[in-house]
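Asks: My file is work-v1.txt. It has compact mmCIF, C-alpha atoms:
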# COMPACT_ATOMS: atom_id res chain seq x y z
CA MET F 1 0.00 0.00 0.00
CA GLU F 2 1.24 3.49 -0.84
CA ARG F 3 2.26 5.46 2.22
CA GLY F 4 0.40 8.77 2.01
CA TRP F 5 1.55 11.75 4.08
CA ARG F 6 -0.75 14.52 5.32
CA ASN F 7 -0.29 17.87 7.04
CA TYR F 8 -1.66 17.68 10.60
CA ARG F 9 -0.26 20.83 12.23
CA VAL F 10 0.62 24.39 11.22
CA ILE F 11 2.87 26.36 13.60
CA SER F 12 3.05 30.15 13.46
CA GLY F 13 5.48 32.42 15.32
CA HIS F 14 8.22 33.55 12.96
CA SER F 15 7.79 36.92 11.24
CA GLY F 16 9.86 35.99 8.17
CA TRP F 17 10.52 33.05 5.84
CA VAL F 18 11.54 29.94 7.79
CA ARG F 19 14.88 28.87 6.30
CA SER F 20 16.39 26.07 8.41
CA VAL F 21 15.48 23.31 10.84
CA ALA F 22 17.09 20.68 13.07
CA VAL F 23 15.64 18.11 15.49
CA ASP F 24 17.27 17.44 18.86
CA PRO F 25 18.65 13.87 19.14
CA THR F 26 16.39 13.23 22.17
CA ASN F 27 13.42 13.86 19.82
CA THR F 28 11.68 16.13 22.32
CA TRP F 29 12.21 19.50 20.60
CA PHE F 30 13.34 21.08 17.36
CA CYS F 31 14.72 24.45 16.30
CA THR F 32 14.08 26.68 13.29
CA GLY F 33 16.08 29.57 11.85
CA SER F 34 14.34 32.36 9.99
CA ALA F 35 14.69 35.44 7.82
CA ASP F 36 13.41 37.32 10.89
CA ARG F 37 16.94 36.74 12.30
CA THR F 38 15.73 34.61 15.21
CA ILE F 39 16.07 30.95 16.14
CA LYS F 40 13.01 29.46 17.79
CA ILE F 41 12.88 26.25 19.80
CA TRP F 42 9.63 24.28 19.71
CA ASP F 43 8.23 21.30 21.59
CA LEU F 44 8.03 18.41 19.11
CA VAL F 45 4.89 16.82 20.59
CA SER F 46 2.74 19.90 21.24
CA GLY F 47 4.27 22.31 18.71
CA ARG F 48 4.43 24.99 21.42
CA LEU F 49 7.16 27.65 21.41
CA LYS F 50 9.69 27.10 24.19
CA LEU F 51 12.30 29.78 23.48
CA THR F 52 13.40 32.49 21.03
CA LEU F 53 17.11 33.19 20.55
CA THR F 54 18.47 36.40 19.04
CA GLY F 55 22.01 37.28 17.99
CA HIS F 56 22.18 37.00 14.20
CA VAL F 57 21.70 40.12 12.07
CA GLY F 58 20.81 38.25 8.86
CA GLN F 59 18.68 35.32 7.67
CA ILE F 60 19.58 32.08 9.45
CA ARG F 61 20.29 29.52 6.72
CA GLY F 62 21.54 26.56 8.76
CA VAL F 63 21.12 25.02 12.21
CA ALA F 64 22.52 21.83 13.76
CA ILE F 65 22.45 20.31 17.25
CA ARG F 66 25.00 18.27 19.17
CA ASN F 67 24.79 17.45 22.88
CA LYS F 68 24.12 20.71 24.77
CA ASN F 69 25.22 22.89 21.85
CA MET F 70 23.47 24.29 18.82
CA PHE F 71 25.25 25.70 15.78
CA SER F 72 23.78 28.32 13.47
CA ALA F 73 24.88 29.94 10.22
CA GLY F 74 23.57 33.14 8.69
CA GLU F 75 23.68 35.52 5.78
CA ASP F 76 25.44 37.91 8.20
CA LYS F 77 28.65 35.81 7.62
CA GLN F 78 28.33 34.55 11.20
CA VAL F 79 28.64 30.97 12.45
CA LYS F 80 27.65 30.71 16.09
CA CYS F 81 27.82 28.05 18.80
CA TRP F 82 25.08 28.29 21.43
CA ASP F 83 25.07 26.78 24.92
CA LEU F 84 21.53 25.43 25.32
CA GLU F 85 21.75 25.27 29.10
CA GLN F 86 22.52 28.99 29.33
CA ASN F 87 20.69 29.89 26.08
CA LYS F 88 23.48 32.13 24.87
CA VAL F 89 26.25 32.28 22.27
CA ILE F 90 29.51 30.91 23.65
CA HIS F 91 31.55 31.20 20.47
CA SER F 92 31.47 32.73 17.01
CA PHE F 93 33.51 31.21 14.18
CA HIS F 94 34.91 34.05 12.07
CA GLY F 95 36.36 33.76 8.58
CA HIS F 96 33.70 33.65 5.87
CA LEU F 97 33.70 36.69 3.58
CA HIS F 98 30.03 36.42 2.58
CA GLY F 99 26.78 34.91 3.84
CA VAL F 100 26.90 31.33 5.15
CA TYR F 101 24.27 29.16 3.41
CA CYS F 102 24.72 25.74 5.01
CA LEU F 103 26.36 23.86 7.83
CA ALA F 104 26.79 20.26 8.91
CA LEU F 105 28.40 18.38 11.77
CA HIS F 106 30.78 15.47 11.23
CA PRO F 107 29.09 12.21 12.31
CA THR F 108 31.85 11.01 14.64
CA ILE F 109 34.29 13.81 15.52
CA ASP F 110 33.87 17.40 16.79
CA VAL F 111 34.19 19.05 13.41
CA LEU F 112 31.85 21.54 11.77
CA PHE F 113 31.52 22.29 8.05
CA THR F 114 30.14 25.59 6.71
CA GLY F 115 29.46 26.54 3.10
CA SER F 116 29.23 30.12 1.93
CA ARG F 117 28.57 32.57 -0.87
CA ASP F 118 32.34 33.17 -0.79
CA CYS F 119 32.61 29.86 -2.75
CA VAL F 120 34.41 27.91 -0.02
CA CYS F 121 33.55 25.30 2.58
CA LYS F 122 35.38 25.83 5.85
CA VAL F 123 36.21 22.99 8.23
CA TRP F 124 36.27 23.98 11.91
CA ASP F 125 37.59 22.16 14.97
CA ILE F 126 34.81 22.76 17.49
CA ARG F 127 37.04 22.26 20.53
CA THR F 128 39.94 24.51 19.52
CA LYS F 129 37.58 26.87 17.61
CA THR F 130 40.02 27.12 14.71
CA HIS F 131 39.58 26.18 11.09
CA ILE F 132 41.47 23.12 9.94
CA HIS F 133 40.87 23.32 6.19
CA VAL F 134 39.37 25.60 3.60
CA PHE F 135 37.86 23.57 0.76
CA SER F 136 38.26 25.88 -2.22
CA GLY F 137 37.54 25.03 -5.84
CA HIS F 138 33.86 25.83 -6.36
CA GLU F 139 33.17 28.80 -8.63
CA ASN F 140 29.97 29.92 -6.92
CA THR F 141 28.08 29.67 -3.60
CA VAL F 142 28.48 26.44 -1.62
CA SER F 143 24.83 25.88 -0.74
CA SER F 144 24.79 22.35 0.70
CA VAL F 145 27.22 20.18 2.61
CA LEU F 146 26.86 16.53 3.59
CA THR F 147 28.71 13.95 5.64
CA LEU F 148 27.96 10.21 5.78
CA PRO F 149 28.68 7.92 8.76
CA ALA F 150 29.69 5.11 6.37
CA HIS F 151 32.45 7.32 4.89
CA PRO F 152 33.72 9.55 7.70
CA GLN F 153 36.72 10.73 5.65
CA VAL F 154 34.54 12.12 2.82
CA VAL F 155 32.71 15.45 2.75
CA VAL F 156 30.27 16.27 -0.07
CA THR F 157 29.57 19.85 -1.18
CA GLY F 158 26.94 21.06 -3.64
CA SER F 159 27.21 24.44 -5.31
CA HIS F 160 25.44 27.05 -7.40
CA ASP F 161 28.17 26.32 -9.99
CA SER F 162 26.14 23.11 -10.69
CA THR F 163 28.91 20.77 -9.51
CA ILE F 164 29.26 18.42 -6.55
CA LYS F 165 32.70 17.93 -5.04
CA LEU F 166 33.90 15.07 -2.85
CA TRP F 167 36.63 16.09 -0.42
CA ASP F 168 39.08 14.09 1.68
CA ILE F 169 38.84 15.60 5.15
CA ARG F 170 42.25 14.22 6.11
CA TYR F 171 44.14 16.19 3.50
CA GLY F 172 41.70 18.97 2.61
CA LYS F 173 41.82 17.95 -1.06
CA THR F 174 39.23 17.33 -3.78
CA MET F 175 38.77 13.65 -4.57
CA GLU F 176 36.13 13.97 -7.33
CA THR F 177 34.12 16.66 -9.11
CA LEU F 178 30.70 15.49 -10.34
CA THR F 179 29.32 17.42 -13.31
CA HIS F 180 26.07 15.54 -13.97
CA HIS F 181 23.79 18.43 -12.96
CA LYS F 182 23.30 21.36 -15.31
CA LYS F 183 21.80 23.82 -12.81
CA THR F 184 22.37 25.16 -9.30
CA ILE F 185 22.38 22.50 -6.56
CA ARG F 186 20.53 23.63 -3.46
CA ALA F 187 19.88 20.35 -1.63
CA MET F 188 21.48 16.98 -0.84
CA ALA F 189 20.51 14.12 1.47
CA HIS F 190 21.57 10.60 2.42
CA HIS F 191 19.84 7.56 3.87
CA PRO F 192 20.17 7.78 7.69
CA LYS F 193 21.12 4.09 8.07
CA GLY F 194 24.80 4.08 9.01
CA HIS F 195 25.89 1.53 6.40
CA CYS F 196 24.41 3.46 3.48
CA SER F 197 26.97 4.67 0.94
CA SER F 198 24.69 6.63 -1.37
CA PHE F 199 23.44 10.20 -1.40
CA ALA F 200 21.02 12.20 -3.53
CA SER F 201 21.23 15.73 -4.87
CA ALA F 202 18.65 18.06 -6.39
CA SER F 203 19.04 20.98 -8.73
CA THR F 204 16.92 24.00 -9.57
CA ASP F 205 15.58 22.36 -12.75
CA GLY F 206 13.91 19.62 -10.68
CA ASN F 207 16.48 16.94 -11.49
CA ILE F 208 17.26 14.53 -8.64
CA LYS F 209 20.23 12.19 -8.98
CA LYS F 210 21.59 9.47 -6.73
CA PHE F 211 25.34 8.82 -6.39
CA ASN F 212 27.51 6.27 -4.63
CA LEU F 213 30.47 6.94 -2.36
CA PRO F 214 33.39 7.06 -2.12
CA ASN F 215 33.94 7.47 -5.89
CA GLY F 216 30.79 9.44 -6.84
CA GLN F 217 29.42 6.94 -9.36
CA LEU F 218 25.98 7.97 -10.72
CA LEU F 219 23.44 5.31 -9.70
CA HIS F 220 20.26 6.67 -11.29
CA ASN F 221 17.95 9.63 -11.85
CA MET F 222 14.75 9.95 -9.84
CA LEU F 223 11.78 10.11 -12.22
CA PRO F 224 9.56 11.90 -13.09
CA GLN F 225 11.12 15.33 -12.64
CA GLN F 226 9.53 17.60 -10.05
CA MET F 227 9.84 20.41 -12.66
CA ASN F 228 10.52 23.05 -10.03
CA ILE F 229 13.37 24.53 -8.02
CA ILE F 230 14.05 22.00 -5.24
CA ASN F 231 15.22 23.73 -2.07
CA ALA F 232 15.31 20.87 0.42
CA MET F 233 15.33 17.10 0.76
CA ALA F 234 15.48 14.49 3.53
CA VAL F 235 15.31 10.70 3.87
CA ASN F 236 13.97 8.61 6.77
CA ASP F 237 14.95 5.13 8.00
CA GLU F 238 12.19 3.54 5.94
CA GLY F 239 13.72 4.98 2.78
CA VAL F 240 11.08 7.64 2.16
CA MET F 241 12.69 10.69 0.58
CA ALA F 242 10.82 14.00 0.73
CA THR F 243 11.68 16.90 -1.58
CA GLY F 244 10.35 20.44 -1.17
CA GLY F 245 9.95 22.90 -4.03
CA ASP F 246 9.87 26.65 -4.51
CA ASN F 247 6.22 26.36 -5.60
CA GLY F 248 5.16 24.49 -2.45
CA SER F 249 5.29 21.05 -4.07
CA LEU F 250 6.17 18.28 -1.61
CA TRP F 251 7.00 15.01 -3.32
CA PHE F 252 7.64 11.65 -1.68
CA TRP F 253 9.94 9.03 -3.21
CA ASP F 254 11.09 5.47 -2.58
CA TRP F 255 14.83 5.75 -1.95
CA THR F 256 15.78 2.37 -3.40
CA SER F 257 13.78 2.35 -6.62
CA GLY F 258 13.59 6.11 -7.23
CA HIS F 259 9.81 5.77 -7.64
CA ASN F 260 7.72 8.88 -6.87
CA PHE F 261 4.64 7.67 -4.94
CA GLN F 262 3.03 10.89 -3.69
CA GLN F 263 2.79 14.46 -4.94
CA ALA F 264 1.47 16.79 -2.24
CA ARG F 265 1.35 20.57 -2.12
CA THR F 266 1.54 22.82 0.91
CA LYS F 267 -1.33 25.23 1.55
CA VAL F 268 -0.31 28.86 1.95
CA GLN F 269 -1.74 30.34 5.14
CA PRO F 270 -4.27 33.21 5.02
CA GLY F 271 -2.63 36.62 4.76
CA SER F 272 0.00 35.41 2.28
CA SER F 273 -0.42 36.46 -1.32
CA MET F 274 2.88 36.30 -3.14
CA ASP F 275 3.95 33.18 -5.05
CA THR F 276 7.16 33.03 -2.99
CA ASP F 277 5.06 32.51 0.15
CA ALA F 278 4.31 28.95 -1.02
CA ALA F 279 7.98 27.92 -1.06
CA ILE F 280 9.33 25.10 1.09
CA TYR F 281 12.82 26.22 2.11
CA ALA F 282 13.91 23.45 4.49
CA LEU F 283 12.65 20.13 5.76
CA THR F 284 13.70 17.32 8.06
CA TYR F 285 12.32 14.17 9.66
CA ASP F 286 12.21 13.65 13.40
CA VAL F 287 14.46 10.96 14.89
CA THR F 288 11.85 8.22 14.40
CA GLY F 289 11.22 9.20 10.77
CA THR F 290 7.46 9.26 11.36
CA ILE F 291 7.10 13.07 11.45
CA LEU F 292 8.21 15.40 8.67
CA ILE F 293 8.76 19.09 9.45
CA THR F 294 8.66 21.64 6.60
CA CYS F 295 9.79 25.29 6.84
CA GLU F 296 7.97 27.65 4.55
CA GLY F 297 7.73 31.00 2.81
CA ASP F 298 4.40 31.83 4.46
CA LYS F 299 6.37 32.09 7.76
CA THR F 300 4.93 28.85 9.12
CA ILE F 301 6.28 25.45 10.07
CA LYS F 302 4.15 22.50 9.02
CA MET F 303 4.21 18.98 10.44
CA TRP F 304 3.28 15.93 8.38
CA LYS F 305 2.68 12.27 9.17
CA GLN F 306 1.52 9.16 7.35
CA ARG F 307 -2.22 8.57 7.03
Let me see the file written as structure tokens.

Replies:
Amino acid sequence: MERGWRNYRVISGHSGWVRSVAVDPTNTWFCTGSADRTIKIWDLVSGRLKLTLTGHVGQIRGVAIRNKNMFSAGEDKQVKCWDLEQNKVIHSFHGHLHGVYCLALHPTIDVLFTGSRDCVCKVWDIRTKTHIHVFSGHENTVSSVLTLPAHPQVVVTGSHDSTIKLWDIRYGKTMETLTHHKKTIRAMAHHPKGHCSSFASASTDGNIKKFNLPNGQLLHNMLPQQMNIINAMAVNDEGVMATGGDNGSLWFWDWTSGHNFQQARTKVQPGSSMDTDAAIYALTYDVTGTILITCEGDKTIKMWKQR
């Protein structure tokens, strides 16, 4: 039976586009970063607002959580580390020359990766607060960065220059450059199962491709094309991949076969009129993979579950 997903909750509170999301590993709360320059922390079960954090002076494009710390990246060039017991910034990582569009934590060691409009991905040692490497080679914004537990030495970056690069974290060098996409790459995702060696990427022409690591071999294209700018994608343990489009399209795919089994569309909330208000900018599953959280242009957060 096809596994249909439906929207069961709409959360309001941000006063700008919602651009980033991360779920706490305990699966009790999640955080969202917005164009309103705030980070909000929400209860996962009730959807109630727990806390609002201020400190960025630009849109917050990336958030990640580890232990008692949260990391955030913004268009203000700032990368911040927050202490969630004191609810304050304990360190800022300085060095990017332009807005920071993405960030990711290494699966096993205390290392942070940040991608920026300055065309580089910086690699930071969280403990010493210094940068270890600068991955340079992209010719445009680094808009997505990915690490896989099965290949802890490999970092994957996707760029507006339409290429994907595989980097060796040990030496700070490019291993492969993948040129299969023809348009800007805004989103990448991998299967959360630790043994999985494949990842998917999506470009602004709606093309989704799946690659294998460590060599970057193209496995297959996901069909049919979503025919829209894809801003975000995520995969759960069951192998359900969700992709969110600029036009509010939310498509669900079978990870293994590449089969598209549901085409949903988000409903813009009353008071929104512009086409951009329909956009899905970020999405993630909760830890169990049974709840999908989407972050949208109508300033809301929507929660989805299977029928």

Asks: Which residues are near segment 221-236 of chain F? Cut-off 9 Å, all atoms listed in the file, ignore same chain within fewer than 5 positions. Put them as a ChimeraX atom specification.

Replies: /F:185-193,200-210,241-247,249,251,253,255,257-260,279-290,292

Asks: I'd like to know which of F:Gly33, F:Gly99, F:Gly194, F:Gly172 is closest to Val142 of chain F, using all atoms listed in the file.

Replies: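 Using all atoms listed in the file, the shortest distance to Val142 of chain F belongs to F:Gly99.
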
Asks: Taking only residues of segment 114-148 of chain F that have an atom at most 12 Å from an atom of segment 54-68 of chain F, what is each one's shortest atom pair and its distance in Å to one decimal, using all atoms listed in the file, in chain and number order, as a Markdown table?

Replies:
| residue | atom | partner | partner_atom | distance |
| --- | --- | --- | --- | --- |
| F:Thr114 | CA | F:Gly62 | CA | 8.9 |
| F:Gly115 | CA | F:Gly62 | CA | 9.7 |
| F:Ser116 | CA | F:Arg61 | CA | 10.2 |
| F:Arg117 | CA | F:Arg61 | CA | 11.6 |
| F:Ile126 | CA | F:Arg66 | CA | 10.9 |
| F:Ser143 | CA | F:Arg61 | CA | 9.5 |
| F:Ser144 | CA | F:Gly62 | CA | 9.7 |
| F:Val145 | CA | F:Gly62 | CA | 10.5 |

Asks: Could you tell me how far atom CA of Thr38 of chain F sits from atom CA of Pro107 of chain F, in Å to one decimal place?

Replies: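 Result for atom CA of Pro107 of chain F versus atom CA of Thr38 of chain F: 26.2 Å, one decimal.
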
Asks: One number please: atom CA of Glu75 of chain F to atom CA of Gly297 of chain F, in Å, one decimal.

Replies: 16.8 Å

Asks: Have a look at F:Val268, F:Leu105, F:Ile164, F:Ala150 and name the one nearest to Phe71 of chain F; count all atoms listed in the file.

Replies: F:Leu105

Asks: Quote the spacing between atom CA of Ile41 of chain F and atom CA of Val123 of chain F in Å to one decimal place.

Replies: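 That distance, rounded to one decimal, is 26.2 Å.
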
Asks: Rank F:Thr174, F:Thr256, F:Cys295, F:Val21 by their smallest atom-to-atom distance to Phe199 of chain F, using all atoms listed in the file, and report the top residue only.

Replies: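 Using all atoms listed in the file, Phe199 of chain F sits closest to F:Thr256.
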
Asks: I need the residue nearest Trp29 of chain F from this list: F:Lys88, F:His14, F:Lys50, F:Lys165. Use all atoms listed in the file for the distance.

Replies: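 Looking only at the distances to Trp29 of chain F, the closest residue turns out to be F:Lys50.
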
Asks: Please build the interface table for segment 223-301 of chain F against segment 5-8 of chain F with a cut-off of 9 Å, listing for each qualifying residue the nearest atom pair and the distance in Å to one decimal; count all atoms listed in the file, order rows by chain and increasing number, and write it as a Markdown table.

Replies:
| residue | atom | partner | partner_atom | distance |
| --- | --- | --- | --- | --- |
| F:Phe252 | CA | F:Trp5 | CA | 8.4 |
| F:Gln262 | CA | F:Trp5 | CA | 8.0 |
| F:Ala264 | CA | F:Trp5 | CA | 8.1 |
| F:Thr266 | CA | F:Asn7 | CA | 8.1 |
| F:Leu292 | CA | F:Trp5 | CA | 8.9 |

Asks: So that I can see what lies close to Asn212 of chain F, please list as a list in words the residues with an atom at most 7 Å from it, counting all atoms listed in the file and leaving out residues fewer than 6 positions away in the same chain.

Replies: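 Neighbouring residues, sequence-local ones excluded: Ser197, Ser198, Phe199, Leu218 and Leu219 of chain F.
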
Asks: Could you save those same residues with C-alpha atoms as an mmCIF file, in the coordinates of the input?

Replies:
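Result file is out.cif:
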data_model
loop_
_atom_site.group_PDB
_atom_site.id
_atom_site.type_symbol
_atom_site.label_atom_id
_atom_site.label_comp_id
_atom_site.auth_asym_id
_atom_site.auth_seq_id
_atom_site.Cartn_x
_atom_site.Cartn_y
_atom_site.Cartn_z
ATOM 1 C CA SER F 197 26.970 4.670 0.940
ATOM 2 C CA SER F 198 24.690 6.630 -1.370
ATOM 3 C CA PHE F 199 23.440 10.200 -1.400
ATOM 4 C CA LEU F 218 25.980 7.970 -10.720
ATOM 5 C CA LEU F 219 23.440 5.310 -9.700
#

Asks: F:Ser20, F:Ser136, F:Asn87, F:Gln269: which is nearest Cys119 of chain F, counting all atoms listed in the file?

Replies: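 Of F:Ser20, F:Ser136, F:Asn87, F:Gln269, the one nearest Cys119 of chain F, counting all atoms listed in the file, is F:Ser136.
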
Asks: Using only C-alpha atoms, which residues sit within 8 Å of Pro149 of chain F once same-chain residues fewer than 2 positions away are excluded, as a PyMOL selection string?

Replies: chain F and resi 107-108+147+151-152+194-195
